[in-house]
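Colleague: Structure in structure tokens, see below.
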Amino acid sequence: MWARVKRIVAVFFICLGLPACALSVDRIEVPYQSPTAWAFVKGADKVKFTVESSDGRTINRDRVGVKKNGYGMEMASIEAINDIPSTVGKAIEQELASRGFVIGAGGSRVEVQITRFYNDFKIGFFAGDAVAEVNLNVRVYGSDGRLKYVRLYEARGVEPNIQLASGDNARAALIQAFRNAVTAVVNDTRLQDVLLLKLNEPAKSFPRS
């Protein structure tokens with residue numbers, strides 16, 4: 001017990017002298033890091049569509065997390081310096097194109113809405129975890145403008161056993177969650193079938209990923 005109290009006090013006084021500690025805002029870039037393996041989708045080269053991304057978060061769109069002290073109390077914010085909706089949209093385009101799909105006007109439209117892009121620190125006794133969540137709501141509209149497919153994709157990323165609830169650790173977890181969310185979207189075989197016009201049924205919400 002006393003060892004933990006001493007550790008918290010020591011960290012507190014150290015933070016007083018460090019501008020990058022809990023009382024200062026951390027600004028981070030959250031890039032997309034593609035998995036190393038992917039598979040070409042048969043017939044994808046004959047399918048053309050556009051990808052549009054938007055931000056469905058209602059508050060704190062720049063904030064992707066907050067720092068915490070040793071007691072788990074929220075401190076300064078962690079903000080993204082890159083445009084998250086644009087980064088997400090380009091990532092979806094990149095991965096679908098790598099699987100053979102053609103990105104361009106004149107076909108279907110894929111709308112990607114970011115509903116959550118956030119990291120939360122879980123404070124433990126000796127160490128903590130950075131746990132990030134990225135949720136994407138995807139809608140596919142046919143060339144006739146009709147809604148063909150709707151699905152919410154939820155993904156997590158974890159940076160375990162951390163000592164500081166900092167922007168760097170939040171970034172690591174967010175990059176994982178971001179990659180996992182995009183992978184869930186582009187590897188969804190039902191979504192692929194909709195784009196390939198193999199699945200022509202009334203639009204409905206499918207189970208979450």
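Letters A, B, ... mark the chains of the structure tokens in the order given; residue numbers begin at 1 per chain; ligand numbers begin at 1, in order shown.
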Hey, could you make a per-residue contact list for region 43-71 of chain A against region 141-156 of chain A with 12 Å as the cut-off, showing the nearest pair of atoms and its distance in Å to one decimal, counting only C-alpha atoms, sorted by chain and number, as JSON lines?
Modeller:
{"residue": "A:Val47", "atom": "CA", "partner": "A:Ser143", "partner_atom": "CA", "distance": 11.1}
{"residue": "A:Lys48", "atom": "CA", "partner": "A:Ser143", "partner_atom": "CA", "distance": 9.7}
{"residue": "A:Phe49", "atom": "CA", "partner": "A:Ser143", "partner_atom": "CA", "distance": 8.5}
{"residue": "A:Thr50", "atom": "CA", "partner": "A:Tyr141", "partner_atom": "CA", "distance": 10.0}
{"residue": "A:Val51", "atom": "CA", "partner": "A:Tyr141", "partner_atom": "CA", "distance": 10.5}
{"residue": "A:Glu52", "atom": "CA", "partner": "A:Tyr141", "partner_atom": "CA", "distance": 11.2}
Colleague: Report the closest atom pair, with its distance in Å rounded to one decimal, for each residue of region 147-186 of chain A that has an atom no farther than 10 Å from region 25-41 of chain A; count only C-alpha atoms, sort by chain and then rising residue number, and write it as JSON lines.
Modeller:
{"residue": "A:Ser166", "atom": "CA", "partner": "A:Asp26", "partner_atom": "CA", "distance": 7.5}
{"residue": "A:Gly167", "atom": "CA", "partner": "A:Asp26", "partner_atom": "CA", "distance": 5.5}
{"residue": "A:Asp168", "atom": "CA", "partner": "A:Ile28", "partner_atom": "CA", "distance": 7.5}
{"residue": "A:Ala170", "atom": "CA", "partner": "A:Ile28", "partner_atom": "CA", "distance": 8.9}
{"residue": "A:Arg171", "atom": "CA", "partner": "A:Val30", "partner_atom": "CA", "distance": 6.1}
{"residue": "A:Ala172", "atom": "CA", "partner": "A:Val30", "partner_atom": "CA", "distance": 8.4}
{"residue": "A:Ala173", "atom": "CA", "partner": "A:Val30", "partner_atom": "CA", "distance": 9.7}
{"residue": "A:Leu174", "atom": "CA", "partner": "A:Val30", "partner_atom": "CA", "distance": 7.0}
{"residue": "A:Ile175", "atom": "CA", "partner": "A:Val30", "partner_atom": "CA", "distance": 6.1}
{"residue": "A:Gln176", "atom": "CA", "partner": "A:Gln33", "partner_atom": "CA", "distance": 8.2}
{"residue": "A:Ala177", "atom": "CA", "partner": "A:Tyr32", "partner_atom": "CA", "distance": 10.0}
{"residue": "A:Phe178", "atom": "CA", "partner": "A:Tyr32", "partner_atom": "CA", "distance": 6.8}
{"residue": "A:Arg179", "atom": "CA", "partner": "A:Gln33", "partner_atom": "CA", "distance": 6.3}
{"residue": "A:Asn180", "atom": "CA", "partner": "A:Pro35", "partner_atom": "CA", "distance": 9.0}
{"residue": "A:Val182", "atom": "CA", "partner": "A:Ser34", "partner_atom": "CA", "distance": 8.9}
{"residue": "A:Thr183", "atom": "CA", "partner": "A:Pro35", "partner_atom": "CA", "distance": 8.1}
{"residue": "A:Val186", "atom": "CA", "partner": "A:Trp38", "partner_atom": "CA", "distance": 9.8}
Colleague: Let me see the file: selected residues, N, CA and C atoms, as a PDB file, in the first residue's frame.
Modeller:
ATOM      1  N   SER A 166      -0.389   8.044 -21.564  1.00  0.00           N
ATOM      2  CA  SER A 166       0.101   9.135 -22.413  1.00  0.00           C
ATOM      3  C   SER A 166      -0.423   9.034 -23.834  1.00  0.00           C
ATOM      4  N   GLY A 167      -0.149  10.077 -24.598  1.00  0.00           N
ATOM      5  CA  GLY A 167      -0.554  10.089 -25.994  1.00  0.00           C
ATOM      6  C   GLY A 167       0.103   8.999 -26.813  1.00  0.00           C
ATOM      7  N   ASP A 168       1.352   8.695 -26.532  1.00  0.00           N
ATOM      8  CA  ASP A 168       2.058   7.658 -27.283  1.00  0.00           C
ATOM      9  C   ASP A 168       1.396   6.293 -27.112  1.00  0.00           C
ATOM     10  N   ALA A 170      -1.750   5.769 -26.158  1.00  0.00           N
ATOM     11  CA  ALA A 170      -3.073   5.845 -26.781  1.00  0.00           C
ATOM     12  C   ALA A 170      -2.951   5.647 -28.288  1.00  0.00           C
ATOM     13  N   ARG A 171      -1.933   6.259 -28.877  1.00  0.00           N
ATOM     14  CA  ARG A 171      -1.703   6.147 -30.313  1.00  0.00           C
ATOM     15  C   ARG A 171      -1.493   4.697 -30.727  1.00  0.00           C
ATOM     16  N   ALA A 172      -0.692   3.969 -29.967  1.00  0.00           N
ATOM     17  CA  ALA A 172      -0.412   2.567 -30.298  1.00  0.00           C
ATOM     18  C   ALA A 172      -1.693   1.739 -30.294  1.00  0.00           C
ATOM     19  N   ALA A 173      -2.548   1.958 -29.297  1.00  0.00           N
ATOM     20  CA  ALA A 173      -3.797   1.204 -29.213  1.00  0.00           C
ATOM     21  C   ALA A 173      -4.766   1.613 -30.322  1.00  0.00           C
ATOM     22  N   LEU A 174      -4.821   2.907 -30.625  1.00  0.00           N
ATOM     23  CA  LEU A 174      -5.721   3.391 -31.669  1.00  0.00           C
ATOM     24  C   LEU A 174      -5.317   2.874 -33.045  1.00  0.00           C
ATOM     25  N   ILE A 175      -4.026   2.791 -33.313  1.00  0.00           N
ATOM     26  CA  ILE A 175      -3.564   2.269 -34.593  1.00  0.00           C
ATOM     27  C   ILE A 175      -4.021   0.820 -34.759  1.00  0.00           C
ATOM     28  N   GLN A 176      -3.934   0.044 -33.681  1.00  0.00           N
ATOM     29  CA  GLN A 176      -4.393  -1.349 -33.732  1.00  0.00           C
ATOM     30  C   GLN A 176      -5.892  -1.425 -34.003  1.00  0.00           C
ATOM     31  N   ALA A 177      -6.668  -0.643 -33.253  1.00  0.00           N
ATOM     32  CA  ALA A 177      -8.128  -0.674 -33.408  1.00  0.00           C
ATOM     33  C   ALA A 177      -8.534  -0.200 -34.802  1.00  0.00           C
ATOM     34  N   PHE A 178      -7.867   0.829 -35.300  1.00  0.00           N
ATOM     35  CA  PHE A 178      -8.120   1.354 -36.633  1.00  0.00           C
ATOM     36  C   PHE A 178      -7.892   0.268 -37.688  1.00  0.00           C
ATOM     37  N   ARG A 179      -6.748  -0.399 -37.595  1.00  0.00           N
ATOM     38  CA  ARG A 179      -6.427  -1.465 -38.547  1.00  0.00           C
ATOM     39  C   ARG A 179      -7.453  -2.597 -38.460  1.00  0.00           C
ATOM     40  N   ASN A 180      -7.827  -2.980 -37.242  1.00  0.00           N
ATOM     41  CA  ASN A 180      -8.792  -4.068 -37.061  1.00  0.00           C
ATOM     42  C   ASN A 180     -10.165  -3.704 -37.624  1.00  0.00           C
ATOM     43  N   VAL A 182     -10.845  -1.516 -40.132  1.00  0.00           N
ATOM     44  CA  VAL A 182     -10.778  -1.518 -41.595  1.00  0.00           C
ATOM     45  C   VAL A 182     -10.739  -2.946 -42.129  1.00  0.00           C
ATOM     46  N   THR A 183      -9.976  -3.807 -41.470  1.00  0.00           N
ATOM     47  CA  THR A 183      -9.898  -5.214 -41.887  1.00  0.00           C
ATOM     48  C   THR A 183     -11.261  -5.876 -41.809  1.00  0.00           C
ATOM     49  N   VAL A 186     -13.365  -4.584 -44.969  1.00  0.00           N
ATOM     50  CA  VAL A 186     -12.980  -5.043 -46.312  1.00  0.00           C
ATOM     51  C   VAL A 186     -12.987  -6.561 -46.442  1.00  0.00           C
TER      52      VAL A 186
END
Colleague: Identify, on the basis of only C-alpha atoms, every residue whose closest approach to Ala130 (chain A) does not exceed 7 Å; exclude the query and any residue fewer than 6 positions from it along the same chain; express the result as a list in words.
Modeller: Asn119, Asp120, Phe121, Lys122, Val158, Glu159, Pro160, Asn169, Ala170 and Ala173 of chain A
Colleague: From the list A:Val88, A:Asn161, A:Leu195, A:Lys42, which residue is nearest Phe125 (chain A) when using only C-alpha atoms?
Modeller: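 Closest to Phe125 (chain A), using only C-alpha atoms: A:Asn161.
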Colleague: Pick out the residues sitting within 12 Å of Thr58 (chain A), and hand them over as a ChimeraX atom specification; count only C-alpha atoms, and ignore anything fewer than 5 positions along from it in its own chain.
Modeller: /A:63,113-117
Colleague: As an exercise, work out the distance from CA of Thr87 (chain A) to CA of Asp129 (chain A) in Å and give it to one decimal place.
Modeller: 25.0 Å
Colleague: Per DSSP on the backbone, filter region 47-161 of chain A down to the residues in helix (DSSP H, G or I) and report them as a list in words.
Modeller: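 DSSP on the backbone gives helix (DSSP H, G or I) at Ile84, Pro85, Ser86, Thr87, Val88, Gly89, Lys90, Ala91, Ile92, Glu93, Gln94, Glu95, Leu96, Ala97 and Ser98 of chain A.
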